[in-house]
$ cat data-v3.cif   # mmCIF, C-alpha atoms
data_model
#
loop_
_atom_site.label_atom_id
_atom_site.label_comp_id
_atom_site.auth_asym_id
_atom_site.auth_seq_id
_atom_site.Cartn_x
_atom_site.Cartn_y
_atom_site.Cartn_z
CA MET J 1 -67.92 -3.93 -58.60
CA SER J 2 -67.24 -4.88 -55.01
CA ASP J 3 -64.04 -6.48 -53.74
CA TYR J 4 -63.74 -9.96 -52.34
CA ASP J 5 -63.00 -10.16 -48.68
CA LEU J 6 -60.47 -12.95 -48.27
CA GLU J 7 -60.03 -12.29 -44.56
CA ARG J 8 -61.93 -15.42 -43.55
CA LEU J 9 -59.91 -17.67 -45.83
CA THR J 10 -57.27 -20.12 -44.64
CA VAL J 11 -54.73 -21.28 -47.21
CA LEU J 12 -52.42 -24.22 -46.57
CA LEU J 13 -49.19 -23.55 -48.45
CA VAL J 14 -46.92 -26.52 -49.06
CA GLU J 15 -43.53 -25.45 -50.39
CA ASP J 16 -40.01 -26.64 -49.64
CA SER J 17 -38.10 -23.58 -50.82
CA HIS J 18 -37.80 -21.06 -48.03
CA PHE J 19 -37.58 -18.12 -50.41
CA ILE J 20 -40.64 -19.04 -52.43
CA ARG J 21 -42.55 -19.88 -49.28
CA SER J 22 -42.06 -16.44 -47.84
CA LEU J 23 -42.70 -14.85 -51.22
CA LEU J 24 -46.06 -16.58 -51.59
CA THR J 25 -47.09 -16.08 -47.97
CA ASN J 26 -46.34 -12.41 -48.28
CA SER J 27 -48.24 -12.05 -51.54
CA LEU J 28 -51.31 -13.92 -50.29
CA LYS J 29 -51.44 -11.86 -47.11
CA ILE J 30 -51.22 -8.60 -49.01
CA LEU J 31 -53.98 -9.80 -51.32
CA GLY J 32 -56.07 -10.07 -48.16
CA VAL J 33 -55.98 -13.77 -47.25
CA GLY J 34 -56.65 -13.97 -43.51
CA LYS J 35 -54.48 -16.93 -42.64
CA VAL J 36 -51.66 -18.69 -44.47
CA VAL J 37 -50.31 -21.84 -42.83
CA THR J 38 -47.01 -23.07 -44.25
CA VAL J 39 -45.48 -26.54 -44.21
CA GLU J 40 -42.42 -27.87 -45.99
CA HIS J 41 -43.66 -30.99 -47.75
CA GLY J 42 -46.66 -33.21 -48.38
CA GLY J 43 -46.16 -35.36 -45.28
CA GLU J 44 -46.38 -32.33 -43.01
CA ALA J 45 -49.43 -31.17 -44.94
CA ILE J 46 -51.21 -34.49 -44.33
CA ASP J 47 -50.37 -34.31 -40.62
CA PHE J 48 -51.71 -30.78 -40.46
CA LEU J 49 -54.94 -31.58 -42.31
CA LYS J 50 -55.55 -34.48 -39.92
CA LEU J 51 -54.85 -32.26 -36.92
CA VAL J 52 -57.29 -29.60 -38.16
CA HIS J 53 -59.93 -32.29 -38.46
CA GLU J 54 -59.28 -33.86 -35.08
CA ASP J 55 -58.37 -30.85 -32.98
CA PRO J 56 -58.96 -27.48 -34.68
CA MET J 57 -58.15 -25.61 -31.48
CA LYS J 58 -54.70 -27.16 -31.35
CA ALA J 59 -54.21 -26.62 -35.09
CA GLY J 60 -55.10 -22.97 -34.65
CA VAL J 61 -57.53 -22.91 -37.57
CA MET J 62 -61.11 -24.10 -37.91
CA GLY J 63 -60.60 -25.43 -41.43
CA VAL J 64 -58.55 -25.16 -44.58
CA ASP J 65 -60.22 -23.54 -47.60
CA ILE J 66 -57.56 -23.92 -50.29
CA ILE J 67 -54.39 -26.01 -50.58
CA MET J 68 -51.55 -24.54 -52.65
CA SER J 69 -48.77 -27.03 -53.12
CA ASN J 70 -45.50 -27.31 -54.91
CA TRP J 71 -45.14 -30.52 -56.95
CA GLN J 72 -41.46 -31.43 -56.54
CA MET J 73 -40.68 -31.97 -52.88
CA SER J 74 -39.30 -34.76 -50.75
CA PRO J 75 -40.10 -37.02 -49.07
CA VAL J 76 -43.79 -36.55 -49.97
CA ASP J 77 -44.37 -34.54 -53.15
CA GLY J 78 -47.41 -32.55 -54.28
CA MET J 79 -48.80 -35.34 -56.41
CA LEU J 80 -48.86 -37.81 -53.51
CA LEU J 81 -50.48 -35.15 -51.36
CA LEU J 82 -53.15 -34.55 -54.00
CA ARG J 83 -53.78 -38.29 -54.28
CA TRP J 84 -54.18 -38.53 -50.51
CA VAL J 85 -56.53 -35.54 -50.34
CA ARG J 86 -58.76 -36.81 -53.16
CA ARG J 87 -58.70 -40.55 -52.54
CA HIS J 88 -57.60 -41.54 -49.09
CA LYS J 89 -60.20 -42.67 -46.62
CA ASP J 90 -58.62 -40.55 -43.89
CA SER J 91 -58.81 -37.37 -45.98
CA PRO J 92 -61.04 -34.96 -44.06
CA ASP J 93 -62.25 -33.10 -47.17
CA ARG J 94 -61.93 -34.78 -50.54
CA PHE J 95 -63.51 -31.80 -52.29
CA ILE J 96 -61.06 -29.14 -51.14
CA PRO J 97 -59.70 -26.85 -53.90
CA PHE J 98 -56.11 -27.79 -54.72
CA ILE J 99 -53.73 -25.54 -56.67
CA MET J 100 -50.60 -27.31 -57.91
CA ILE J 101 -47.46 -25.21 -58.37
CA SER J 102 -44.72 -26.46 -60.65
CA ALA J 103 -41.85 -25.38 -62.85
CA PHE J 104 -42.49 -28.41 -65.03
CA SER J 105 -45.50 -27.44 -67.09
CA SER J 106 -45.41 -29.78 -70.08
CA LYS J 107 -48.76 -30.96 -71.36
CA ALA J 108 -48.14 -34.47 -70.03
CA ARG J 109 -47.43 -33.08 -66.56
CA VAL J 110 -50.51 -30.90 -66.49
CA HIS J 111 -52.65 -33.83 -67.68
CA GLN J 112 -51.19 -36.03 -64.97
CA ALA J 113 -52.21 -33.50 -62.33
CA ARG J 114 -55.61 -32.99 -63.94
CA ASP J 115 -56.31 -36.71 -63.91
CA MET J 116 -55.45 -36.86 -60.23
CA GLY J 117 -58.13 -34.22 -59.59
CA VAL J 118 -56.23 -30.95 -59.34
CA SER J 119 -58.33 -27.76 -59.34
CA GLU J 120 -55.85 -25.29 -60.87
CA PHE J 121 -52.24 -25.35 -62.06
CA LEU J 122 -49.85 -22.48 -61.31
CA THR J 123 -46.67 -22.42 -63.37
CA LYS J 124 -43.33 -21.27 -62.01
CA PRO J 125 -41.95 -18.72 -62.41
CA PHE J 126 -45.19 -17.02 -61.42
CA THR J 127 -46.25 -13.40 -61.26
CA ILE J 128 -48.57 -11.75 -58.75
CA LYS J 129 -51.15 -11.57 -61.51
CA SER J 130 -50.99 -15.31 -62.16
CA VAL J 131 -51.26 -16.11 -58.43
CA CYS J 132 -54.22 -13.77 -58.19
CA ASP J 133 -55.91 -15.26 -61.26
CA LYS J 134 -55.65 -18.81 -59.93
CA VAL J 135 -57.02 -17.84 -56.52
CA LEU J 136 -59.91 -16.01 -58.19
CA LEU J 137 -60.66 -18.96 -60.48
CA THR J 138 -60.67 -21.23 -57.47
CA ILE J 139 -63.14 -19.03 -55.63
CA GLU J 140 -65.43 -18.30 -58.55
CA SER J 141 -65.66 -21.30 -60.74
CA GLN J 142 -66.33 -24.17 -58.44
CA ARG J 143 -66.86 -27.11 -60.76
CA GLN J 144 -69.07 -30.07 -60.09
CA PHE J 145 -67.20 -33.14 -58.85
CA ILE J 146 -67.25 -36.35 -60.82
CA HIS J 147 -66.79 -39.78 -59.30
CA THR J 148 -66.30 -42.72 -61.66
CA GLY J 149 -64.47 -46.03 -61.40
CA SER J 150 -61.23 -44.39 -62.48
CA TYR J 151 -61.56 -40.73 -61.52
CA PHE J 152 -62.49 -38.56 -58.60
CA GLY J 153 -62.16 -34.80 -58.82
CA PRO J 154 -63.51 -31.62 -60.36
CA ASP J 155 -65.18 -32.02 -63.76
CA ARG J 156 -62.31 -32.07 -66.23
CA ARG J 157 -64.40 -30.44 -68.92
CA ARG J 158 -64.50 -26.76 -68.17
CA GLN J 159 -66.10 -25.70 -71.41
CA ASN J 160 -68.89 -27.01 -73.54
CA ILE J 161 -67.16 -27.35 -76.87
CA GLU J 162 -68.90 -28.79 -79.91
CA THR J 163 -66.91 -31.65 -81.33
CA ARG J 164 -67.18 -33.19 -84.76
CA GLN J 165 -65.88 -36.45 -83.44
CA GLU J 166 -68.06 -39.04 -81.81
CA ASP J 167 -68.99 -38.02 -78.28
CA ARG J 168 -67.40 -40.66 -76.10
CA ARG J 169 -69.41 -39.64 -73.08
CA LYS J 170 -72.10 -42.27 -72.95
CA LEU J 171 -73.65 -41.19 -69.68
CA LYS J 172 -75.09 -37.87 -68.69
CA GLU J 173 -77.29 -36.51 -65.97
CA GLY J 174 -80.47 -38.51 -65.96
CA SER J 175 -78.91 -41.61 -67.58
CA PRO J 176 -79.41 -44.83 -65.67
CA GLY J 177 -76.46 -45.40 -63.35
CA VAL J 178 -75.80 -41.71 -62.85
CA GLU J 179 -76.57 -40.33 -59.45
CA VAL J 180 -76.56 -36.63 -58.68
CA VAL J 181 -75.69 -35.53 -55.17
CA ARG J 182 -76.59 -31.99 -54.19
CA GLY J 183 -75.45 -30.07 -51.20
CA MET M 1 -90.95 -54.01 -61.15
CA VAL M 2 -88.15 -51.57 -61.85
CA ASP M 3 -84.69 -52.99 -62.37
CA LYS M 4 -82.25 -51.54 -59.93
CA VAL M 5 -79.38 -50.01 -61.92
CA LYS M 6 -76.00 -49.91 -60.25
CA THR M 7 -74.57 -46.41 -59.85
CA VAL M 8 -71.45 -46.07 -61.99
CA VAL M 9 -71.08 -42.30 -61.98
CA ARG M 10 -71.79 -39.90 -59.19
CA ILE M 11 -71.97 -36.15 -59.82
CA TYR M 12 -71.63 -33.84 -56.85
CA LYS M 13 -73.16 -30.41 -57.24
CA PHE M 14 -72.49 -28.22 -54.26
CA ARG M 15 -73.34 -24.64 -53.52
CA ASN M 16 -70.20 -22.51 -53.87
CA ARG M 17 -69.61 -21.87 -50.20
CA LEU M 18 -66.11 -20.57 -50.79
CA ARG M 19 -67.48 -17.75 -52.90
CA GLU M 20 -70.17 -16.98 -50.34
CA LYS M 21 -67.47 -16.82 -47.70
CA CYS M 22 -65.54 -14.23 -49.71
CA ALA M 23 -68.27 -12.19 -51.38
CA GLY M 24 -71.29 -12.61 -49.14
CA LEU M 25 -74.67 -13.86 -50.29
CA GLY M 26 -76.26 -12.45 -53.43
CA VAL M 27 -73.21 -10.59 -54.68
CA GLU M 28 -73.05 -11.02 -58.44
CA HIS M 29 -69.58 -9.82 -59.33
CA ALA M 30 -66.56 -9.19 -57.19
CA GLN M 31 -62.83 -8.89 -57.72
CA ILE M 32 -59.60 -8.70 -55.78
CA SER M 33 -59.01 -5.08 -54.91
CA GLU M 34 -56.78 -3.17 -57.34
CA GLU M 35 -55.10 -1.59 -54.38
CA ALA M 36 -54.11 -4.93 -52.87
CA LEU M 37 -52.86 -6.11 -56.24
CA ALA M 38 -50.64 -3.05 -56.60
CA LEU M 39 -49.31 -3.52 -53.06
CA ALA M 40 -48.51 -7.16 -53.74
CA GLU M 41 -46.67 -6.22 -56.93
CA ALA M 42 -44.67 -3.67 -54.96
CA ALA M 43 -43.79 -6.25 -52.31
CA LEU M 44 -42.65 -8.61 -55.04
CA SER M 45 -40.36 -5.94 -56.50
CA GLU M 46 -38.96 -5.38 -53.04
CA MET M 47 -38.23 -9.08 -52.69
CA ALA M 48 -36.68 -9.00 -56.14
CA GLU M 49 -34.10 -6.59 -54.73
CA ASP M 50 -33.17 -9.21 -52.14
CA TYR M 51 -33.03 -11.93 -54.74
CA PRO M 52 -29.37 -11.50 -55.80
CA ASP M 53 -28.34 -11.65 -52.12
CA TRP M 54 -30.35 -14.78 -51.54
CA VAL M 55 -28.99 -16.42 -54.65
CA SER M 56 -25.42 -15.44 -53.74
CA LYS M 57 -25.80 -17.33 -50.47
CA GLU M 58 -27.10 -20.35 -52.36
CA ILE M 59 -24.19 -20.15 -54.79
CA ASP M 60 -21.78 -20.03 -51.81
CA LYS M 61 -23.41 -23.20 -50.55
CA LEU M 62 -22.91 -24.88 -53.92
CA ALA M 63 -19.27 -23.80 -54.00
CA GLU M 64 -18.77 -25.21 -50.51
CA TYR M 65 -20.33 -28.57 -51.48
CA GLN M 66 -18.16 -28.64 -54.58
CA ARG M 67 -15.03 -28.10 -52.48
CA ARG M 68 -16.09 -30.89 -50.15
CA CYS M 69 -16.42 -33.17 -53.17
CA ILE M 70 -12.72 -32.62 -53.75
CA ASP M 71 -11.62 -32.83 -50.10
CA THR M 72 -13.68 -35.87 -49.20
CA PRO M 73 -14.23 -37.92 -52.35
CA GLU M 74 -15.72 -40.73 -50.29
CA GLU M 75 -18.66 -38.47 -49.40
CA ARG M 76 -19.24 -37.33 -52.96
CA ARG M 77 -22.62 -39.05 -53.31
CA ASP M 78 -24.05 -37.08 -50.36
CA TYR M 79 -22.75 -33.79 -51.70
CA PHE M 80 -24.08 -34.48 -55.18
CA ILE M 81 -27.50 -34.94 -53.62
CA LYS M 82 -27.16 -31.68 -51.70
CA ILE M 83 -26.05 -29.87 -54.84
CA GLY M 84 -29.07 -31.24 -56.71
CA GLU M 85 -31.43 -30.06 -53.95
CA THR M 86 -29.93 -26.60 -53.80
CA ALA M 87 -30.03 -26.23 -57.58
CA HIS M 88 -33.67 -27.33 -57.59
CA ASP M 89 -34.46 -24.67 -55.02
CA MET M 90 -32.81 -21.99 -57.12
CA LYS M 91 -34.24 -22.80 -60.48
CA GLY M 92 -37.90 -22.24 -59.75
CA GLN M 93 -38.04 -18.54 -59.27
CA GLY M 94 -35.18 -16.88 -61.18
CA GLY M 95 -37.51 -15.90 -64.00
CA THR M 96 -39.92 -14.04 -61.72
CA PHE M 97 -37.11 -11.85 -60.46
CA GLY M 98 -35.66 -11.12 -63.86
CA TYR M 99 -32.84 -13.68 -63.84
CA PRO M 100 -33.85 -16.40 -66.29
CA LEU M 101 -30.17 -17.27 -66.74
CA ILE M 102 -29.98 -18.39 -63.10
CA THR M 103 -32.98 -20.62 -63.74
CA ALA M 104 -31.31 -22.03 -66.88
CA PHE M 105 -27.98 -22.76 -65.17
CA ALA M 106 -29.59 -24.11 -62.02
CA ASP M 107 -31.78 -26.37 -64.15
CA SER M 108 -28.74 -27.66 -66.02
CA LEU M 109 -26.93 -28.30 -62.74
CA TYR M 110 -29.96 -29.97 -61.18
CA LYS M 111 -30.26 -32.39 -64.10
CA PHE M 112 -26.54 -33.04 -64.09
CA ALA M 113 -26.31 -33.72 -60.35
CA ASP M 114 -29.37 -35.95 -60.54
CA GLU M 115 -27.84 -38.34 -63.08
CA LYS M 116 -26.78 -41.49 -61.34
CA GLY M 117 -23.33 -42.90 -61.57
CA GLN M 118 -21.24 -39.89 -62.45
CA MET M 119 -18.96 -38.55 -59.78
CA SER M 120 -15.53 -38.38 -61.39
CA ASP M 121 -13.16 -35.48 -60.85
CA HIS M 122 -14.30 -34.12 -64.19
CA ASP M 123 -17.88 -34.14 -63.03
CA VAL M 124 -16.86 -32.17 -59.98
CA GLU M 125 -15.12 -29.72 -62.28
CA LEU M 126 -18.29 -29.36 -64.26
CA ILE M 127 -20.14 -28.39 -61.10
CA LYS M 128 -17.59 -25.66 -60.65
CA SER M 129 -18.30 -24.42 -64.20
CA HIS M 130 -21.96 -24.08 -63.27
CA VAL M 131 -21.15 -22.27 -60.03
CA ASP M 132 -18.83 -19.89 -61.86
CA ALA M 133 -21.43 -19.15 -64.52
CA MET M 134 -24.07 -18.37 -61.87
CA ARG M 135 -21.69 -16.17 -59.96
CA ALA M 136 -20.90 -14.24 -63.12
CA VAL M 137 -24.62 -13.66 -63.68
CA ILE M 138 -25.20 -12.30 -60.19
CA ARG M 139 -21.97 -10.32 -59.97
CA GLY M 140 -22.65 -8.61 -63.27
CA ARG M 141 -26.37 -8.31 -62.44
CA VAL M 142 -27.01 -9.90 -65.81
CA SER M 143 -30.79 -9.77 -65.92
CA GLY M 144 -33.01 -10.92 -68.75
CA ASP M 145 -31.39 -13.21 -71.30
CA GLY M 146 -28.21 -11.26 -70.70
CA GLY M 147 -27.64 -10.34 -74.33
CA GLU M 148 -24.11 -11.04 -75.48
CA ILE M 149 -22.73 -11.78 -72.02
CA GLY M 150 -25.53 -14.24 -71.45
CA GLU M 151 -24.81 -15.99 -74.72
CA GLN M 152 -21.13 -16.18 -73.84
CA LEU M 153 -21.80 -17.67 -70.42
CA LYS M 154 -24.17 -20.22 -71.91
CA ALA M 155 -21.68 -21.13 -74.63
CA THR M 156 -18.85 -21.59 -72.10
CA LEU M 157 -20.96 -23.88 -69.98
CA GLU M 158 -22.17 -25.86 -72.98
CA GLN M 159 -18.59 -26.30 -74.14
CA ALA M 160 -17.62 -27.63 -70.71
CA ILE M 161 -20.50 -30.10 -70.80
CA ALA M 162 -19.70 -31.18 -74.37
CA LYS M 163 -16.06 -31.69 -73.46
CA LYS M 164 -17.11 -33.88 -70.59
CA ALA M 165 -19.40 -35.94 -72.80
CA LYS M 166 -16.47 -36.71 -75.10
CA ARG M 167 -14.33 -38.14 -72.37
#
$ encode --input "data-v3.cif" --output "structure tokens"
Amino acid sequence: MSDYDLERLTVLLVEDSHFIRSLLTNSLKILGVGKVVTVEHGGEAIDFLKLVHEDPMKAGVMGVDIIMSNWQMSPVDGMLLLRWVRRHKDSPDRFIPFIMISAFSSKARVHQARDMGVSEFLTKPFTIKSVCDKVLLTIESQRQFIHTGSYFGPDRRRQNIETRQEDRRKLKEGSPGVEVVRG
Amino acid sequence: MVDKVKTVVRIYKFRNRLREKCAGLGVEHAQISEEALALAEAALSEMAEDYPDWVSKEIDKLAEYQRRCIDTPEERRDYFIKIGETAHDMKGQGGTFGYPLITAFADSLYKFADEKGQMSDHDVELIKSHVDAMRAVIRGRVSGDGGEIGEQLKATLEQAIAKKAKR
């Protein structure tokens, strides 16, 4: 099996703790990620994403491939950042993979992030293995994106599981009102 | 004539360009190199050695804020906020570096400092109890759940909190 070459990847890391920031930057670089840009909270991340879009030369990168963001930060936390990335009209790439990092990993919390369109969820405290697994998942299993009246983000159903209950999904590919965009 | 149906769901199916960028075209299976993984693990262990030093500095900061709470009671609100922020910073990663007790104490302190309205002298004392417990963990290099010492530290802190609740 061949190895991934992550040299061409740019990761935007949004983390307010200095120690964890340098820990993650270090780990990602050793894993082979070409460029890791760090900012301290969601507001700075938004400014950076806009700058990359408007003036990549000035930003120093041609694009961002993956966002990894802590949840709890001030003044702009990871959830607000995710909302902006997925829903705001100024967001330069609403499809960008987004890994949320949080020490609060209750089911309700994870669901909240999922329903805002998160790609993966990394729980603190993390290990190198868990960081690696999330990055790999992000690279390998790109899910289709779904846009409905109340949701925009990666398909929240990752598996095709038979259910004995009534299938509440009334629409599928090919149903009237469903448009498929390929690219 | 065909009725025009309004689009209510849009499905976007894109080629996985991220994977192509990392694996090249036509590569079926790839992984992150074992060698890089091992190196990253080693770097993490190295950082783990620095962890007690880093945490000690953070604990010093907490102790300083706590002292200021006593010296300048009128600025207590600001210092409570700083204490909460510092505790939040500390609690995330203790487990990774083998100090889950630091995470537990920092979490307790974070929640305590975050509660609105409490800033009495007793509350300030309780902050000191947290700081002392964390210092004991780092000084004694009490890793893991700390066994008996860990239980003792936890019990002492819980007693202090319970005492406060009674007041």
$ resolve_selection --input "data-v3.cif" --expression "the PyMOL selection byres ((chain M) within 7 of (chain J))" --output "VMD selection string"
chain M and resid 5 to 16 18 to 19 22 to 23 29 to 33 36 to 37 39 to 41 89 92 to 93 95 to 96
$ residues_near_point --input "data-v3.cif" --point "(-58.1, -27.5, -39.7)" --cutoff "9 Å" --atoms "only C-alpha atoms" --output "compact mmCIF listing (two decimals) with C-alpha atoms, keeping the file's coordinate frame"
# COMPACT_ATOMS: atom_id res chain seq x y z
CA THR J 10 -57.27 -20.12 -44.64
CA PHE J 48 -51.71 -30.78 -40.46
CA LEU J 49 -54.94 -31.58 -42.31
CA LYS J 50 -55.55 -34.48 -39.92
CA LEU J 51 -54.85 -32.26 -36.92
CA VAL J 52 -57.29 -29.60 -38.16
CA HIS J 53 -59.93 -32.29 -38.46
CA GLU J 54 -59.28 -33.86 -35.08
CA ASP J 55 -58.37 -30.85 -32.98
CA PRO J 56 -58.96 -27.48 -34.68
CA MET J 57 -58.15 -25.61 -31.48
CA ALA J 59 -54.21 -26.62 -35.09
CA GLY J 60 -55.10 -22.97 -34.65
CA VAL J 61 -57.53 -22.91 -37.57
CA MET J 62 -61.11 -24.10 -37.91
CA GLY J 63 -60.60 -25.43 -41.43
CA VAL J 64 -58.55 -25.16 -44.58
$ closest_residue --input "data-v3.cif" --among "M:Lys21, M:His130, M:Arg68, M:Arg141" --to "M:Phe97" --atoms "only C-alpha atoms"
M:Arg141
$ resolve_selection --input "data-v3.cif" --expression "the PyMOL selection byres ((chain J and resi 119-121) around 7)" --output "PyMOL selection string"
chain J and resi 97-101+117-118+122-123+134+154
$ resolve_selection --input "data-v3.cif" --expression "the PyMOL selection byres ((chain M and resi 91) around 8)" --output "list of chain:residue names"
M:Ala87, M:His88, M:Asp89, M:Met90, M:Gly92, M:Gln93, M:Gly94, M:Ile102, M:Thr103, M:Ala104, M:Phe105, M:Ala106, M:Asp107
$ build_atoms --input "data-v3.cif" --residues "stretch 69-93 of chain J" --atoms "N, CA and C atoms" --output "PDB file, in the frame of the given file"
ATOM      1  N   SER J  69     -49.920 -26.174 -53.370  1.00  0.00           N
ATOM      2  CA  SER J  69     -48.770 -27.030 -53.120  1.00  0.00           C
ATOM      3  C   SER J  69     -47.804 -27.100 -54.285  1.00  0.00           C
ATOM      4  N   ASN J  70     -46.546 -27.046 -53.942  1.00  0.00           N
ATOM      5  CA  ASN J  70     -45.500 -27.310 -54.910  1.00  0.00           C
ATOM      6  C   ASN J  70     -45.585 -28.785 -55.302  1.00  0.00           C
ATOM      7  N   TRP J  71     -45.117 -29.119 -56.506  1.00  0.00           N
ATOM      8  CA  TRP J  71     -45.140 -30.520 -56.950  1.00  0.00           C
ATOM      9  C   TRP J  71     -43.894 -31.255 -56.463  1.00  0.00           C
ATOM     10  N   GLN J  72     -42.705 -30.717 -56.841  1.00  0.00           N
ATOM     11  CA  GLN J  72     -41.460 -31.430 -56.540  1.00  0.00           C
ATOM     12  C   GLN J  72     -40.996 -31.124 -55.125  1.00  0.00           C
ATOM     13  N   MET J  73     -41.154 -32.112 -54.250  1.00  0.00           N
ATOM     14  CA  MET J  73     -40.680 -31.970 -52.880  1.00  0.00           C
ATOM     15  C   MET J  73     -40.346 -33.370 -52.381  1.00  0.00           C
ATOM     16  N   SER J  74     -39.495 -33.455 -51.363  1.00  0.00           N
ATOM     17  CA  SER J  74     -39.300 -34.760 -50.750  1.00  0.00           C
ATOM     18  C   SER J  74     -39.457 -34.610 -49.241  1.00  0.00           C
ATOM     19  N   PRO J  75     -39.855 -35.673 -48.542  1.00  0.00           N
ATOM     20  CA  PRO J  75     -40.100 -37.020 -49.070  1.00  0.00           C
ATOM     21  C   PRO J  75     -41.480 -37.201 -49.726  1.00  0.00           C
ATOM     22  N   VAL J  76     -42.450 -36.367 -49.395  1.00  0.00           N
ATOM     23  CA  VAL J  76     -43.790 -36.550 -49.970  1.00  0.00           C
ATOM     24  C   VAL J  76     -44.067 -35.371 -50.909  1.00  0.00           C
ATOM     25  N   ASP J  77     -44.210 -35.650 -52.204  1.00  0.00           N
ATOM     26  CA  ASP J  77     -44.370 -34.540 -53.150  1.00  0.00           C
ATOM     27  C   ASP J  77     -45.851 -34.126 -53.301  1.00  0.00           C
ATOM     28  N   GLY J  78     -46.073 -33.120 -54.135  1.00  0.00           N
ATOM     29  CA  GLY J  78     -47.410 -32.550 -54.280  1.00  0.00           C
ATOM     30  C   GLY J  78     -48.412 -33.516 -54.883  1.00  0.00           C
ATOM     31  N   MET J  79     -47.916 -34.382 -55.745  1.00  0.00           N
ATOM     32  CA  MET J  79     -48.800 -35.340 -56.410  1.00  0.00           C
ATOM     33  C   MET J  79     -49.324 -36.370 -55.401  1.00  0.00           C
ATOM     34  N   LEU J  80     -48.435 -36.843 -54.535  1.00  0.00           N
ATOM     35  CA  LEU J  80     -48.860 -37.810 -53.510  1.00  0.00           C
ATOM     36  C   LEU J  80     -49.845 -37.148 -52.553  1.00  0.00           C
ATOM     37  N   LEU J  81     -49.576 -35.890 -52.238  1.00  0.00           N
ATOM     38  CA  LEU J  81     -50.480 -35.150 -51.360  1.00  0.00           C
ATOM     39  C   LEU J  81     -51.866 -35.044 -51.995  1.00  0.00           C
ATOM     40  N   LEU J  82     -51.882 -34.688 -53.287  1.00  0.00           N
ATOM     41  CA  LEU J  82     -53.150 -34.550 -54.000  1.00  0.00           C
ATOM     42  C   LEU J  82     -53.901 -35.895 -54.008  1.00  0.00           C
ATOM     43  N   ARG J  83     -53.160 -36.964 -54.272  1.00  0.00           N
ATOM     44  CA  ARG J  83     -53.780 -38.290 -54.280  1.00  0.00           C
ATOM     45  C   ARG J  83     -54.411 -38.592 -52.913  1.00  0.00           C
ATOM     46  N   TRP J  84     -53.675 -38.272 -51.851  1.00  0.00           N
ATOM     47  CA  TRP J  84     -54.180 -38.530 -50.510  1.00  0.00           C
ATOM     48  C   TRP J  84     -55.456 -37.724 -50.250  1.00  0.00           C
ATOM     49  N   VAL J  85     -55.388 -36.434 -50.592  1.00  0.00           N
ATOM     50  CA  VAL J  85     -56.530 -35.540 -50.340  1.00  0.00           C
ATOM     51  C   VAL J  85     -57.773 -36.030 -51.087  1.00  0.00           C
ATOM     52  N   ARG J  86     -57.609 -36.425 -52.344  1.00  0.00           N
ATOM     53  CA  ARG J  86     -58.760 -36.810 -53.160  1.00  0.00           C
ATOM     54  C   ARG J  86     -59.244 -38.230 -52.903  1.00  0.00           C
ATOM     55  N   ARG J  87     -58.316 -39.141 -52.538  1.00  0.00           N
ATOM     56  CA  ARG J  87     -58.700 -40.550 -52.540  1.00  0.00           C
ATOM     57  C   ARG J  87     -58.597 -41.284 -51.223  1.00  0.00           C
ATOM     58  N   HIS J  88     -57.822 -40.750 -50.300  1.00  0.00           N
ATOM     59  CA  HIS J  88     -57.600 -41.540 -49.090  1.00  0.00           C
ATOM     60  C   HIS J  88     -58.793 -41.496 -48.157  1.00  0.00           C
ATOM     61  N   LYS J  89     -59.019 -42.615 -47.503  1.00  0.00           N
ATOM     62  CA  LYS J  89     -60.200 -42.670 -46.620  1.00  0.00           C
ATOM     63  C   LYS J  89     -60.050 -41.744 -45.417  1.00  0.00           C
ATOM     64  N   ASP J  90     -58.831 -41.435 -45.037  1.00  0.00           N
ATOM     65  CA  ASP J  90     -58.620 -40.550 -43.890  1.00  0.00           C
ATOM     66  C   ASP J  90     -58.680 -39.067 -44.270  1.00  0.00           C
ATOM     67  N   SER J  91     -58.787 -38.777 -45.567  1.00  0.00           N
ATOM     68  CA  SER J  91     -58.810 -37.370 -45.980  1.00  0.00           C
ATOM     69  C   SER J  91     -60.059 -36.691 -45.438  1.00  0.00           C
ATOM     70  N   PRO J  92     -59.881 -35.601 -44.697  1.00  0.00           N
ATOM     71  CA  PRO J  92     -61.040 -34.960 -44.060  1.00  0.00           C
ATOM     72  C   PRO J  92     -61.951 -34.233 -45.059  1.00  0.00           C
ATOM     73  N   ASP J  93     -61.415 -33.794 -46.185  1.00  0.00           N
ATOM     74  CA  ASP J  93     -62.250 -33.100 -47.170  1.00  0.00           C
ATOM     75  C   ASP J  93     -61.741 -33.413 -48.572  1.00  0.00           C
TER      76      ASP J  93
END
